[in-house]
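Colleague: One file: structure-v9.cif (mmCIF, C-alpha atoms).
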data_structure
loop_
_atom_site.label_atom_id
_atom_site.label_comp_id
_atom_site.auth_asym_id
_atom_site.auth_seq_id
_atom_site.Cartn_x
_atom_site.Cartn_y
_atom_site.Cartn_z
CA MET L 1 -33.61 -65.25 -97.03
CA THR L 2 -30.76 -63.81 -99.09
CA PRO L 3 -32.12 -61.55 -101.83
CA ILE L 4 -31.60 -62.25 -105.51
CA GLY L 5 -28.19 -60.77 -106.18
CA GLY L 6 -26.91 -61.90 -102.80
CA CYS L 7 -25.04 -59.61 -100.45
CA GLU L 8 -24.49 -57.03 -103.17
CA SER L 9 -28.22 -56.31 -103.15
CA TYR L 10 -27.71 -54.57 -99.80
CA ARG L 11 -24.79 -52.36 -100.91
CA PRO L 12 -27.04 -49.38 -101.85
CA LEU L 13 -28.53 -49.39 -98.33
CA ILE L 14 -25.10 -49.69 -96.70
CA ASN L 15 -23.70 -46.92 -98.91
CA GLN L 16 -26.18 -44.46 -97.41
CA TYR L 17 -24.08 -44.22 -94.25
CA ASN L 18 -20.67 -42.81 -93.41
CA TRP L 19 -18.74 -45.97 -92.61
CA ASN L 20 -16.33 -48.21 -94.47
CA THR L 21 -18.64 -50.01 -96.89
CA THR L 22 -16.19 -52.86 -97.47
CA VAL L 23 -15.95 -53.60 -93.77
CA ALA L 24 -19.71 -53.20 -93.29
CA MET L 25 -20.42 -55.68 -96.09
CA ALA L 26 -17.92 -58.16 -94.63
CA VAL L 27 -19.31 -57.85 -91.09
CA MET L 28 -22.86 -58.29 -92.39
CA GLN L 29 -21.88 -61.39 -94.35
CA ALA L 30 -20.02 -62.89 -91.39
CA GLU L 31 -22.86 -62.13 -88.99
CA SER L 32 -25.87 -63.31 -91.01
CA GLY L 33 -24.75 -64.71 -94.35
CA CYS L 34 -26.63 -61.70 -95.78
CA ARG L 35 -29.94 -63.14 -94.62
CA ALA L 36 -32.39 -60.46 -93.49
CA ASP L 37 -34.34 -63.17 -91.64
CA ALA L 38 -31.34 -64.60 -89.76
CA PHE L 39 -32.11 -65.26 -86.10
CA ASN L 40 -29.82 -66.38 -83.29
CA GLY L 41 -31.88 -68.03 -80.57
CA SER L 42 -31.00 -67.14 -77.01
CA ASN L 43 -27.84 -65.78 -75.41
CA TYR L 44 -26.73 -66.45 -71.85
CA ASP L 45 -28.52 -63.26 -70.74
CA GLY L 46 -31.81 -64.10 -72.49
CA SER L 47 -31.25 -61.69 -75.37
CA ASN L 48 -31.08 -62.73 -79.02
CA GLU L 49 -29.85 -61.36 -82.34
CA ALA L 50 -31.74 -60.93 -85.58
CA GLY L 51 -31.34 -59.65 -89.11
CA LEU L 52 -28.48 -58.72 -91.39
CA PHE L 53 -26.24 -57.25 -88.70
CA GLN L 54 -27.62 -59.51 -85.95
CA ILE L 55 -29.01 -56.61 -83.92
CA ASN L 56 -29.38 -57.63 -80.28
CA SER L 57 -32.84 -57.58 -78.74
CA ILE L 58 -31.57 -55.23 -76.03
CA HIS L 59 -31.81 -52.48 -78.67
CA VAL L 60 -35.56 -53.14 -78.94
CA GLN L 61 -35.91 -52.50 -75.21
CA TYR L 62 -33.97 -49.23 -75.57
CA GLY L 63 -36.11 -48.09 -78.49
CA LEU L 64 -33.43 -48.07 -81.19
CA ILE L 65 -35.40 -50.48 -83.38
CA SER L 66 -38.61 -52.48 -83.25
CA GLU L 67 -38.75 -56.26 -83.07
CA GLN L 68 -40.06 -56.39 -86.65
CA GLY L 69 -37.53 -53.78 -87.73
CA ARG L 70 -34.67 -56.08 -86.87
CA LEU L 71 -35.83 -58.31 -89.76
CA ASP L 72 -36.27 -55.40 -92.20
CA ALA L 73 -33.08 -54.80 -94.21
CA ALA L 74 -33.26 -50.99 -94.27
CA GLN L 75 -34.15 -50.67 -90.58
CA ASN L 76 -31.55 -53.25 -89.54
CA ILE L 77 -28.80 -51.44 -91.44
CA LYS L 78 -29.91 -48.08 -90.01
CA ALA L 79 -29.72 -49.51 -86.48
CA ALA L 80 -26.35 -51.08 -87.25
CA TYR L 81 -25.02 -47.70 -88.29
CA ALA L 82 -26.33 -46.11 -85.08
CA ILE L 83 -24.60 -48.82 -83.05
CA TYR L 84 -21.42 -48.45 -85.12
CA SER L 85 -21.51 -44.66 -84.57
CA GLY L 86 -21.50 -45.19 -80.83
CA ARG L 87 -19.24 -48.22 -80.42
CA GLY L 88 -17.41 -48.80 -83.68
CA TRP L 89 -16.96 -52.24 -85.18
CA ASN L 90 -16.18 -53.72 -81.76
CA ALA L 91 -19.93 -54.09 -81.20
CA TRP L 92 -19.86 -57.17 -83.50
CA SER L 93 -18.35 -60.49 -82.54
CA ALA L 94 -17.55 -61.22 -86.21
CA PHE L 95 -15.26 -58.19 -86.16
CA ASN L 96 -13.71 -58.96 -82.78
CA ASN L 97 -12.90 -62.57 -83.65
CA GLY L 98 -11.72 -61.66 -87.17
CA ARG L 99 -14.31 -63.80 -88.95
CA TYR L 100 -15.34 -60.82 -91.10
CA ALA L 101 -11.88 -60.71 -92.72
CA GLN L 102 -12.62 -63.74 -94.89
CA PHE L 103 -15.30 -61.69 -96.65
CA LEU L 104 -13.21 -58.61 -97.41
CA GLY L 105 -13.05 -58.11 -101.13
CA VAL L 106 -15.70 -60.77 -101.82
#
Once you've parsed the file, please lay out its structure as structure tokens.

Modeller:
Amino acid sequence: MTPIGGCESYRPLINQYNWNTTVAMAVMQAESGCRADAFNGSNYDGSNEAGLFQINSIHVQYGLISEQGRLDAAQNIKAAYAIYSGRGWNAWSAFNNGRYAQFLGV
């Protein structure tokens, strides 16, 4: 569910990390509609995505985040930053396909 105050409610959590906040907010909105409980069923490889930044279940297997943590806003954003630190924005399909751009400045 999107918190009262919408996407902006997550800005303080996103601002804790050293990335472009505007891009992070736009990617988050494109990926999940700012819904901490967003869940994307099953991918071709059996994995799935969950939470604000749609963290892939493969990251649970590797110990980056717990299954429950993917649905926790603070933990999801922390994991997203760790992924971003290693791979940049290219880790998100909403960035690669340009869908995030519609949310820049929103």

Colleague: Hey, which of L:Asn15, L:Gln102, L:Asn76, L:Ser93 ends up closest to L:Glu31? Count all atoms listed in the file.

Modeller: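 Closest to L:Glu31, using all atoms listed in the file: L:Ser93.
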
Colleague: Could you please determine the separation between atom CA of L:Thr22 and atom CA of L:Leu104 in Å, to one decimal place?

Modeller: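 The value is 6.5 Å.
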
Colleague: Skip L:Ala79 itself and residues of its chain fewer than 2 positions away, then list as a list in words all residues within 8 Å of it, counting only C-alpha atoms.

Modeller: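 The filter keeps Ile55, Leu64, Ile65, Gln75, Asn76, Ile77, Tyr81, Ala82 and Ile83 of chain L.
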
Colleague: Using the chain letters and numbers from the file, give me the residues hit by the PyMOL selection byres ((chain L and resi 38) around 10), as a list in words.

Modeller: Met1, Thr2, Glu31, Ser32, Gly33, Cys34, Arg35, Ala36, Asp37, Phe39, Asn40, Gly41, Glu49, Ala50, Gly51, Leu52, Phe53, Gln54, Arg70 and Leu71 of chain L

Colleague: Pull out every residue that the PyMOL selection byres ((chain L and resi 99) around 12) matches in the shown coordinates and put them as a short mmCIF file (atom, residue, chain, number, x, y, z; two decimals) with C-alpha atoms, in the frame of the given file.

Modeller:
data_model
loop_
_atom_site.label_atom_id
_atom_site.label_comp_id
_atom_site.auth_asym_id
_atom_site.auth_seq_id
_atom_site.Cartn_x
_atom_site.Cartn_y
_atom_site.Cartn_z
CA VAL L 23 -15.95 -53.60 -93.77
CA ALA L 26 -17.92 -58.16 -94.63
CA VAL L 27 -19.31 -57.85 -91.09
CA MET L 28 -22.86 -58.29 -92.39
CA GLN L 29 -21.88 -61.39 -94.35
CA ALA L 30 -20.02 -62.89 -91.39
CA GLU L 31 -22.86 -62.13 -88.99
CA SER L 32 -25.87 -63.31 -91.01
CA GLY L 33 -24.75 -64.71 -94.35
CA TRP L 92 -19.86 -57.17 -83.50
CA SER L 93 -18.35 -60.49 -82.54
CA ALA L 94 -17.55 -61.22 -86.21
CA PHE L 95 -15.26 -58.19 -86.16
CA ASN L 96 -13.71 -58.96 -82.78
CA ASN L 97 -12.90 -62.57 -83.65
CA GLY L 98 -11.72 -61.66 -87.17
CA TYR L 100 -15.34 -60.82 -91.10
CA ALA L 101 -11.88 -60.71 -92.72
CA GLN L 102 -12.62 -63.74 -94.89
CA PHE L 103 -15.30 -61.69 -96.65
CA LEU L 104 -13.21 -58.61 -97.41
#

Colleague: Mind pulling up the distance from atom CA of L:Tyr84 to atom CA of L:Arg11?

Modeller: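 Those two atoms sit 16.6 Å apart.
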
Colleague: Name all residues at most 10 Å from L:Gly46 (count all atoms listed in the file; drop same-chain ones fewer than 4 positions away) and give them as an mmCIF file with C-alpha atoms, keeping the file's coordinate frame.

Modeller:
data_model
loop_
_atom_site.group_PDB
_atom_site.id
_atom_site.type_symbol
_atom_site.label_atom_id
_atom_site.label_comp_id
_atom_site.auth_asym_id
_atom_site.auth_seq_id
_atom_site.Cartn_x
_atom_site.Cartn_y
_atom_site.Cartn_z
ATOM 1 C CA GLY L 41 -31.880 -68.030 -80.570
ATOM 2 C CA SER L 42 -31.000 -67.140 -77.010
ATOM 3 C CA SER L 57 -32.840 -57.580 -78.740
ATOM 4 C CA ILE L 58 -31.570 -55.230 -76.030
#

Colleague: As an exercise, work out the distance from atom CA of L:Trp89 to atom CA of L:Ala24 in Å and give it to one decimal place.

Modeller: 8.6 Å

Colleague: Name the closest residue to L:Ser85 among the candidates L:Asn20, L:Gln61, L:Asn48, L:Ser66; distances are taken between atoms, counting all atoms listed in the file.

Modeller: L:Asn20

Colleague: For L:Leu13, which residue among L:Tyr44, L:Glu67, L:Ala74, L:Asn56 is the nearest when counting all atoms listed in the file?

Modeller: L:Ala74

Colleague: With distances taken over all atoms listed in the file, which residue among L:Ala80, L:Gly86, L:Gly63, L:Asn43 lies nearest L:Tyr17?

Modeller: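 Smallest separation from L:Tyr17 among the options: L:Ala80.
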
Colleague: If I wrap all listed atoms of stretch 50-66 of chain L in a box with edges along x, y and z and add 8 Å on each side, what are its centre and edge lengths in Å to one decimal, as JSON?

Modeller:
{"center_x": -32.4, "center_y": -54.5, "center_z": -83.3, "size_x": 28.4, "size_y": 28.9, "size_z": 32.2}
